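This is structure-v3.pdb (PDB, C-alpha atoms and all ligand atoms).
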ATOM      1  CA  MET A   1    -100.651  13.843 -64.514
ATOM      2  CA  ASN A   2     -99.519  14.601 -60.980
ATOM      3  CA  ARG A   3    -101.714  13.486 -58.136
ATOM      4  CA  PRO A   4    -103.544  16.673 -57.151
ATOM      5  CA  SER A   5    -103.429  17.945 -53.570
ATOM      6  CA  LEU A   6    -105.821  19.899 -51.432
ATOM      7  CA  LEU A   7    -104.301  21.685 -48.460
ATOM      8  CA  ALA A   8    -106.496  23.467 -45.950
ATOM      9  CA  THR A   9    -105.616  25.562 -42.947
ATOM     10  CA  ILE A  10    -107.551  24.859 -39.758
ATOM     11  CA  GLY A  11    -107.362  27.766 -37.329
ATOM     12  CA  PRO A  12    -109.400  30.548 -35.699
ATOM     13  CA  ALA A  13    -109.532  34.139 -36.951
ATOM     14  CA  GLY A  14    -106.269  35.862 -36.060
ATOM     15  CA  ALA A  15    -104.264  32.627 -35.791
ATOM     16  CA  GLY A  16    -101.837  33.484 -38.597
ATOM     17  CA  LYS A  17    -103.229  31.482 -41.521
ATOM     18  CA  THR A  18    -102.931  34.193 -44.156
ATOM     19  CA  THR A  19     -99.478  35.172 -42.903
ATOM     20  CA  TRP A  20     -98.354  31.551 -43.306
ATOM     21  CA  ARG A  21     -99.964  31.338 -46.756
ATOM     22  CA  ASN A  22     -98.267  34.511 -47.994
ATOM     23  CA  ARG A  23     -94.891  33.332 -46.723
ATOM     24  CA  CYS A  24     -94.960  29.650 -47.504
ATOM     25  CA  VAL A  25     -97.338  28.710 -50.302
ATOM     26  CA  PRO A  26     -95.535  28.232 -53.617
ATOM     27  CA  VAL A  27     -96.808  30.372 -56.504
ATOM     28  CA  VAL A  28     -97.737  27.255 -58.479
ATOM     29  CA  ALA A  29    -100.519  26.479 -56.029
ATOM     30  CA  ASP A  30    -104.039  27.836 -56.536
ATOM     31  CA  VAL A  31    -105.168  29.707 -53.436
ATOM     32  CA  VAL A  32    -108.781  29.744 -52.315
ATOM     33  CA  SER A  33    -109.066  32.585 -49.823
ATOM     34  CA  LEU A  34    -112.606  33.016 -48.543
ATOM     35  CA  ASP A  35    -111.629  36.527 -47.386
ATOM     36  CA  ASP A  36    -110.589  37.488 -50.911
ATOM     37  CA  ILE A  37    -113.635  35.896 -52.540
ATOM     38  CA  ARG A  38    -116.025  37.538 -50.053
ATOM     39  CA  ALA A  39    -114.377  40.911 -50.754
ATOM     40  CA  GLU A  40    -115.018  40.373 -54.469
ATOM     41  CA  LEU A  41    -118.631  39.286 -54.005
ATOM     42  CA  SER A  42    -119.600  41.787 -51.301
ATOM     43  CA  PRO A  43    -121.432  44.913 -52.577
ATOM     44  CA  CYS A  44    -119.361  46.983 -50.098
ATOM     45  CA  GLY A  45    -116.138  45.084 -50.826
ATOM     46  CA  CYS A  46    -115.762  43.769 -47.266
ATOM     47  CA  SER A  47    -113.766  40.580 -46.760
ATOM     48  CA  ALA A  48    -115.696  40.034 -43.518
ATOM     49  CA  ASP A  49    -119.154  40.299 -45.135
ATOM     50  CA  GLN A  50    -120.792  37.083 -43.895
ATOM     51  CA  THR A  51    -123.893  37.599 -46.049
ATOM     52  CA  VAL A  52    -121.889  36.433 -49.077
ATOM     53  CA  ASN A  53    -120.175  33.563 -47.277
ATOM     54  CA  ALA A  54    -122.244  30.729 -48.770
ATOM     55  CA  ALA A  55    -121.722  32.153 -52.257
ATOM     56  CA  ALA A  56    -117.987  32.475 -51.550
ATOM     57  CA  VAL A  57    -117.784  28.808 -50.535
ATOM     58  CA  GLU A  58    -119.496  27.898 -53.821
ATOM     59  CA  VAL A  59    -116.992  29.951 -55.825
ATOM     60  CA  GLY A  60    -114.110  28.379 -53.887
ATOM     61  CA  THR A  61    -115.565  24.924 -54.480
ATOM     62  CA  ALA A  62    -115.795  25.534 -58.241
ATOM     63  CA  MET A  63    -112.203  26.839 -58.281
ATOM     64  CA  THR A  64    -111.106  23.721 -56.409
ATOM     65  CA  ARG A  65    -112.843  21.331 -58.821
ATOM     66  CA  ALA A  66    -111.175  23.031 -61.791
ATOM     67  CA  ALA A  67    -107.745  22.958 -60.168
ATOM     68  CA  LEU A  68    -107.909  19.363 -58.933
ATOM     69  CA  ALA A  69    -109.281  18.152 -62.285
ATOM     70  CA  ALA A  70    -106.160  19.654 -63.879
ATOM     71  CA  GLY A  71    -103.880  17.941 -61.339
ATOM     72  CA  ARG A  72    -102.920  21.131 -59.530
ATOM     73  CA  THR A  73    -102.401  21.888 -55.852
ATOM     74  CA  VAL A  74    -105.089  23.947 -54.113
ATOM     75  CA  VAL A  75    -104.598  25.691 -50.785
ATOM     76  CA  TRP A  76    -107.662  26.810 -48.846
ATOM     77  CA  ASP A  77    -107.025  29.739 -46.511
ATOM     78  CA  THR A  78    -109.957  29.177 -44.187
ATOM     79  CA  THR A  79    -110.808  28.632 -40.528
ATOM     80  CA  ALA A  80    -112.357  25.167 -41.195
ATOM     81  CA  TYR A  81    -113.387  25.089 -37.539
ATOM     82  CA  LEU A  82    -116.580  23.116 -38.241
ATOM     83  CA  SER A  83    -116.325  19.385 -38.905
ATOM     84  CA  GLY A  84    -119.055  19.670 -41.574
ATOM     85  CA  PHE A  85    -116.960  22.159 -43.501
ATOM     86  CA  ARG A  86    -113.856  19.979 -43.204
ATOM     87  CA  ALA A  87    -115.968  17.069 -44.502
ATOM     88  CA  HIS A  88    -116.880  19.187 -47.535
ATOM     89  CA  LEU A  89    -113.181  19.777 -48.270
ATOM     90  CA  LEU A  90    -112.362  16.094 -47.755
ATOM     91  CA  ASP A  91    -115.209  15.099 -50.112
ATOM     92  CA  LEU A  92    -113.860  17.483 -52.741
ATOM     93  CA  ALA A  93    -110.398  15.971 -52.450
ATOM     94  CA  ALA A  94    -111.806  12.430 -52.639
ATOM     95  CA  GLU A  95    -113.801  13.288 -55.757
ATOM     96  CA  PHE A  96    -110.510  13.809 -57.617
ATOM     97  CA  GLY A  97    -108.346  11.291 -55.778
ATOM     98  CA  ALA A  98    -106.419  14.219 -54.332
ATOM     99  CA  ARG A  99    -104.149  14.095 -51.337
ATOM    100  CA  ALA A 100    -105.830  15.969 -48.459
ATOM    101  CA  VAL A 101    -103.550  17.798 -46.046
ATOM    102  CA  GLY A 102    -104.822  19.621 -42.955
ATOM    103  CA  LEU A 103    -102.657  22.440 -41.622
ATOM    104  CA  LEU A 104    -103.287  23.257 -37.971
ATOM    105  CA  VAL A 105    -102.709  26.899 -37.087
ATOM    106  CA  LEU A 106    -103.630  27.030 -33.424
ATOM    107  CA  PRO A 107    -101.615  29.325 -31.175
ATOM    108  CA  PRO A 108    -102.848  29.768 -27.588
ATOM    109  CA  LEU A 109    -106.209  31.570 -27.302
ATOM    110  CA  ASP A 110    -104.621  34.645 -25.649
ATOM    111  CA  THR A 111    -102.258  35.124 -28.600
ATOM    112  CA  VAL A 112    -105.090  34.812 -31.095
ATOM    113  CA  LEU A 113    -107.285  37.258 -29.159
ATOM    114  CA  VAL A 114    -104.503  39.872 -29.021
ATOM    115  CA  ARG A 115    -103.838  39.587 -32.754
ATOM    116  CA  ASN A 116    -107.552  39.859 -33.514
ATOM    117  CA  SER A 117    -107.908  42.888 -31.216
ATOM    118  CA  ARG A 118    -105.296  44.766 -33.293
ATOM    119  CA  ARG A 119    -107.592  44.636 -36.299
ATOM    120  CA  ASP A 120    -109.932  47.459 -37.196
ATOM    121  CA  GLY A 121    -113.108  47.064 -35.127
ATOM    122  CA  THR A 122    -115.141  49.716 -36.967
ATOM    123  CA  PRO A 123    -118.287  48.110 -38.399
ATOM    124  CA  CYS A 124    -118.863  48.760 -42.095
ATOM    125  CA  PRO A 125    -121.864  51.090 -42.474
ATOM    126  CA  GLN A 126    -123.238  48.839 -45.222
ATOM    127  CA  CYS A 127    -122.746  45.209 -44.135
ATOM    128  CA  GLY A 128    -122.133  45.865 -40.441
ATOM    129  CA  PHE A 129    -119.071  43.609 -40.225
ATOM    130  CA  SER A 130    -115.572  44.681 -39.200
ATOM    131  CA  ARG A 131    -112.183  43.094 -39.809
ATOM    132  CA  ARG A 132    -112.016  42.433 -36.089
ATOM    133  CA  VAL A 133    -114.063  39.357 -35.240
ATOM    134  CA  PRO A 134    -116.182  39.497 -32.040
ATOM    135  CA  GLU A 135    -114.158  37.987 -29.207
ATOM    136  CA  ASN A 136    -116.776  35.350 -28.388
ATOM    137  CA  ARG A 137    -116.655  34.148 -32.015
ATOM    138  CA  VAL A 138    -112.867  33.782 -31.861
ATOM    139  CA  ARG A 139    -113.215  31.850 -28.607
ATOM    140  CA  GLU A 140    -115.867  29.613 -30.177
ATOM    141  CA  MET A 141    -113.607  28.795 -33.143
ATOM    142  CA  HIS A 142    -110.608  28.157 -30.886
ATOM    143  CA  ASP A 143    -112.666  25.922 -28.588
ATOM    144  CA  ALA A 144    -114.185  23.984 -31.499
ATOM    145  CA  ILE A 145    -110.791  23.239 -33.056
ATOM    146  CA  THR A 146    -109.237  22.366 -29.696
ATOM    147  CA  ALA A 147    -112.117  19.957 -29.023
ATOM    148  CA  ALA A 148    -111.675  18.401 -32.473
ATOM    149  CA  LEU A 149    -107.926  17.784 -32.089
ATOM    150  CA  PRO A 150    -108.229  14.197 -30.814
ATOM    151  CA  SER A 151    -110.560  13.171 -33.660
ATOM    152  CA  LEU A 152    -108.863  15.067 -36.518
ATOM    153  CA  PRO A 153    -106.618  12.089 -37.354
ATOM    154  CA  THR A 154    -109.716   9.964 -37.992
ATOM    155  CA  GLU A 155    -111.490  12.462 -40.288
ATOM    156  CA  GLY A 156    -109.753  11.215 -43.411
ATOM    157  CA  TRP A 157    -106.825  13.590 -43.937
ATOM    158  CA  HIS A 158    -103.848  11.916 -45.593
ATOM    159  CA  GLU A 159    -101.612  14.128 -43.537
ATOM    160  CA  LEU A 160    -101.988  16.612 -40.672
ATOM    161  CA  ARG A 161     -99.314  19.205 -40.073
ATOM    162  CA  TYR A 162     -99.077  21.361 -37.006
ATOM    163  CA  LEU A 163     -97.858  24.767 -38.155
ATOM    164  CA  THR A 164     -97.843  26.024 -34.586
ATOM    165  CA  PRO A 165     -96.576  24.004 -31.620
ATOM    166  CA  GLN A 166     -99.362  22.199 -29.816
ATOM    167  CA  ALA A 167    -100.008  23.508 -26.319
ATOM    168  CA  LYS A 168     -99.173  20.978 -23.637
ATOM    169  CA  GLU A 169    -102.033  19.817 -21.494
ATOM    170  CA  ASN A 170    -102.390  21.817 -18.272
ATOM    171  CA  SER A 171     -99.653  24.183 -19.387
ATOM    172  CA  ARG A 172    -101.722  27.271 -18.649
TER     173      ARG A 172
HETATM  174  N1  LIG A 201     -96.023  33.957 -36.257
HETATM  175  C1  LIG A 201     -96.522  35.189 -35.981
HETATM  176  N2  LIG A 201     -95.931  35.950 -35.057
HETATM  177  C2  LIG A 201     -96.428  37.172 -34.754
HETATM  178  N3  LIG A 201     -97.502  37.714 -35.343
HETATM  179  C3  LIG A 201     -98.130  37.003 -36.280
HETATM  180  C4  LIG A 201     -97.683  35.696 -36.652
HETATM  181  N4  LIG A 201     -98.514  35.199 -37.607
HETATM  182  C5  LIG A 201     -99.429  36.175 -37.812
HETATM  183  N5  LIG A 201     -99.194  37.242 -37.035
HETATM  184  C6  LIG A 201     -99.997  38.479 -36.970
HETATM  185  O1  LIG A 201    -101.282  38.118 -36.466
HETATM  186  C7  LIG A 201    -102.310  38.809 -37.178
HETATM  187  C8  LIG A 201    -103.279  37.789 -37.772
HETATM  188  O2  LIG A 201    -102.597  37.040 -38.768
HETATM  189  P1  LIG A 201    -103.381  36.501 -40.050
HETATM  190  O3  LIG A 201    -102.390  35.709 -40.821
HETATM  191  O4  LIG A 201    -104.046  37.635 -40.770
HETATM  192  O5  LIG A 201    -104.454  35.584 -39.345
HETATM  193  P2  LIG A 201    -105.616  34.725 -39.984
HETATM  194  O6  LIG A 201    -105.433  34.747 -41.454
HETATM  195  O7  LIG A 201    -105.425  33.374 -39.373
HETATM  196  O8  LIG A 201    -106.864  35.379 -39.507
HETATM  197  C9  LIG A 201    -101.607  39.680 -38.216
HETATM  198  O9  LIG A 201    -101.512  40.990 -37.693
HETATM  199  C10 LIG A 201    -100.235  39.051 -38.350
HETATM  200  O10 LIG A 201     -99.269  40.013 -38.689
HETATM  201 MG    MG A 202    -106.703  35.358 -42.932
HETATM  202 ZN    ZN A 203    -119.151  46.047 -45.660
END
Can you dump the structure from the file as structure tokens?
Ligand SMILES: Nc1ncnc2c1ncn2[C@@H]1O[C@H](COP(=O)(O)OP(=O)(O)O)[C@@H](O)[C@H]1O
Ligand SMILES: [Mg+2]
Ligand SMILES: [Zn+2]
Amino acid sequence: MNRPSLLATIGPAGAGKTTWRNRCVPVVADVVSLDDIRAELSPCGCSADQTVNAAAVEVGTAMTRAALAAGRTVVWDTTAYLSGFRAHLLDLAAEFGARAVGLLVLPPLDTVLVRNSRRDGTPCPQCGFSRRVPENRVREMHDAITAALPSLPTEGWHELRYLTPQAKENSR
């Protein structure tokens, strides 16, 4: 059996994670998209419905266990901006002796904010969430990942790939 792999994007909302996944992830990989799972679980069908987020993570976790147990590659399309969440993914990989690969998708904050602002900002009448994420939340995710950059290499990833060029210090 092949050594299974768990790949996870790390990037704020609007960074380009799903675009990368649609372009670059081979069809043989199992994709865990929290947006897609939330849309399935949400009574109103909203991918942004945060009330079903914990349940979506559970579904994604079960999908991951099944895939890794069978020696397959799993790709998580997720922000993973919290270290606790990254630890959960790393624990899952370790459980199956899988190779854990972190994929940084971190364009400059301005770029991410512009992309997010192009999304529909109309709140859903049922769940209250819109595709556009509140700007302060995007900032928070961007800041958290930027702050974690120096310690990411010590978290336990077998490999870290930077899918977007890293901003130089003091470049803006
Ligand atoms: N490399 C890129 N260059 C220009 N626009 C991009 C690029 N990657 C993504 N986008 C655009 O940015 C927006 C957010 O991308 P998306 O992949 O949905 O982000 P995420 O999944 O990280 O929230 C989309 O409108 C997408 O078309
Ligand atoms: Mg996405
Ligand atoms: Zn809704």
Which polymer residues, protein or nucleic acid, are no farther than 9 Å from (-104.8, 32.7, -32.3), counting all atoms listed in the file, as a short mmCIF file (atom, residue, chain, number, x, y, z; two decimals) with C-alpha atoms, keeping the file's coordinate frame?
data_model
loop_
_atom_site.label_atom_id
_atom_site.label_comp_id
_atom_site.auth_asym_id
_atom_site.auth_seq_id
_atom_site.Cartn_x
_atom_site.Cartn_y
_atom_site.Cartn_z
CA GLY A 11 -107.36 27.77 -37.33
CA PRO A 12 -109.40 30.55 -35.70
CA ALA A 13 -109.53 34.14 -36.95
CA GLY A 14 -106.27 35.86 -36.06
CA ALA A 15 -104.26 32.63 -35.79
CA GLY A 16 -101.84 33.48 -38.60
CA VAL A 105 -102.71 26.90 -37.09
CA LEU A 106 -103.63 27.03 -33.42
CA PRO A 107 -101.62 29.32 -31.18
CA PRO A 108 -102.85 29.77 -27.59
CA LEU A 109 -106.21 31.57 -27.30
CA ASP A 110 -104.62 34.65 -25.65
CA THR A 111 -102.26 35.12 -28.60
CA VAL A 112 -105.09 34.81 -31.10
CA LEU A 113 -107.28 37.26 -29.16
CA VAL A 114 -104.50 39.87 -29.02
CA ARG A 115 -103.84 39.59 -32.75
CA ASN A 116 -107.55 39.86 -33.51
CA VAL A 138 -112.87 33.78 -31.86
CA HIS A 142 -110.61 28.16 -30.89
#
So the first atom is CA of Leu41 (chain A) and the second is CA of Gln126 (chain A); what is the distance between them in Å, to one decimal place?
13.8 Å
Between region 58-121 of chain A and region 26-37 of chain A, at 12 Å or less, what are the per-residue closest atom pairs and their distances in Å? Count all atoms listed in the file, order by chain and rising residue number, and return it as a Markdown table.
| residue | atom | partner | partner_atom | distance |
| --- | --- | --- | --- | --- |
| A:Glu58 | CA | A:Ile37 | CA | 10.0 |
| A:Val59 | CA | A:Ile37 | CA | 7.6 |
| A:Gly60 | CA | A:Val32 | CA | 5.7 |
| A:Thr61 | CA | A:Val32 | CA | 8.6 |
| A:Ala62 | CA | A:Val32 | CA | 10.1 |
| A:Met63 | CA | A:Val32 | CA | 7.5 |
| A:Thr64 | CA | A:Val32 | CA | 7.6 |
| A:Arg65 | CA | A:Asp30 | CA | 11.2 |
| A:Ala66 | CA | A:Asp30 | CA | 10.1 |
| A:Ala67 | CA | A:Asp30 | CA | 7.1 |
| A:Leu68 | CA | A:Asp30 | CA | 9.6 |
| A:Ala70 | CA | A:Asp30 | CA | 11.2 |
| A:Gly71 | CA | A:Ala29 | CA | 10.6 |
| A:Arg72 | CA | A:Ala29 | CA | 6.8 |
| A:Thr73 | CA | A:Ala29 | CA | 5.0 |
| A:Val74 | CA | A:Asp30 | CA | 4.7 |
| A:Val75 | CA | A:Val31 | CA | 4.8 |
| A:Trp76 | CA | A:Val32 | CA | 4.7 |
| A:Asp77 | CA | A:Ser33 | CA | 4.8 |
| A:Thr78 | CA | A:Leu34 | CA | 6.4 |
| A:Thr79 | CA | A:Leu34 | CA | 9.3 |
| A:Ala80 | CA | A:Leu34 | CA | 10.8 |
| A:Leu89 | CA | A:Val32 | CA | 11.6 |
I need the residue nearest Pro153 (chain A) from this list: A:Val101, A:Ala39, A:Asn22, A:Ala69. Use all atoms listed in the file for the distance.
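Closest to Pro153 (chain A) of all the choices is A:Val101.
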Quick check on the file I pasted: which residues fall under the PyMOL selection byres (((not hetatm)) within 9 of (chain A and resi 203))? Write them as number ranges by chain.
A: 39, 42-49, 123-130
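Closest approach to ligand MG 202 (chain A) among A:Thr9, A:Thr18, A:Thr164, A:Ser83 is made by A:Thr18 (distances from all atoms listed in the file).
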Given only C-alpha atoms and all ligand atoms as the counted atoms, nearest of A:Tyr81, A:Ala56, A:Asn2, A:Arg118 to ligand LIG 201 (chain A):
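Of A:Tyr81, A:Ala56, A:Asn2, A:Arg118, the one nearest ligand LIG 201 (chain A), counting only C-alpha atoms and all ligand atoms, is A:Arg118.
With atom N1 of ligand LIG 201 (chain A) on one side and CA of Thr19 (chain A) on the other, the separation reads 7.6 Å.
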Have a look at A:Arg139, A:His158, A:Lys17, A:Arg23 and name the one nearest to ligand MG 202 (chain A); count all atoms listed in the file.
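So, comparing all the options, the nearest one is A:Lys17.
The closest residue to Leu104 (chain A), picked from A:Ala87, A:Met141, A:Leu6, A:Leu149 and counting all atoms listed in the file, is A:Leu149.
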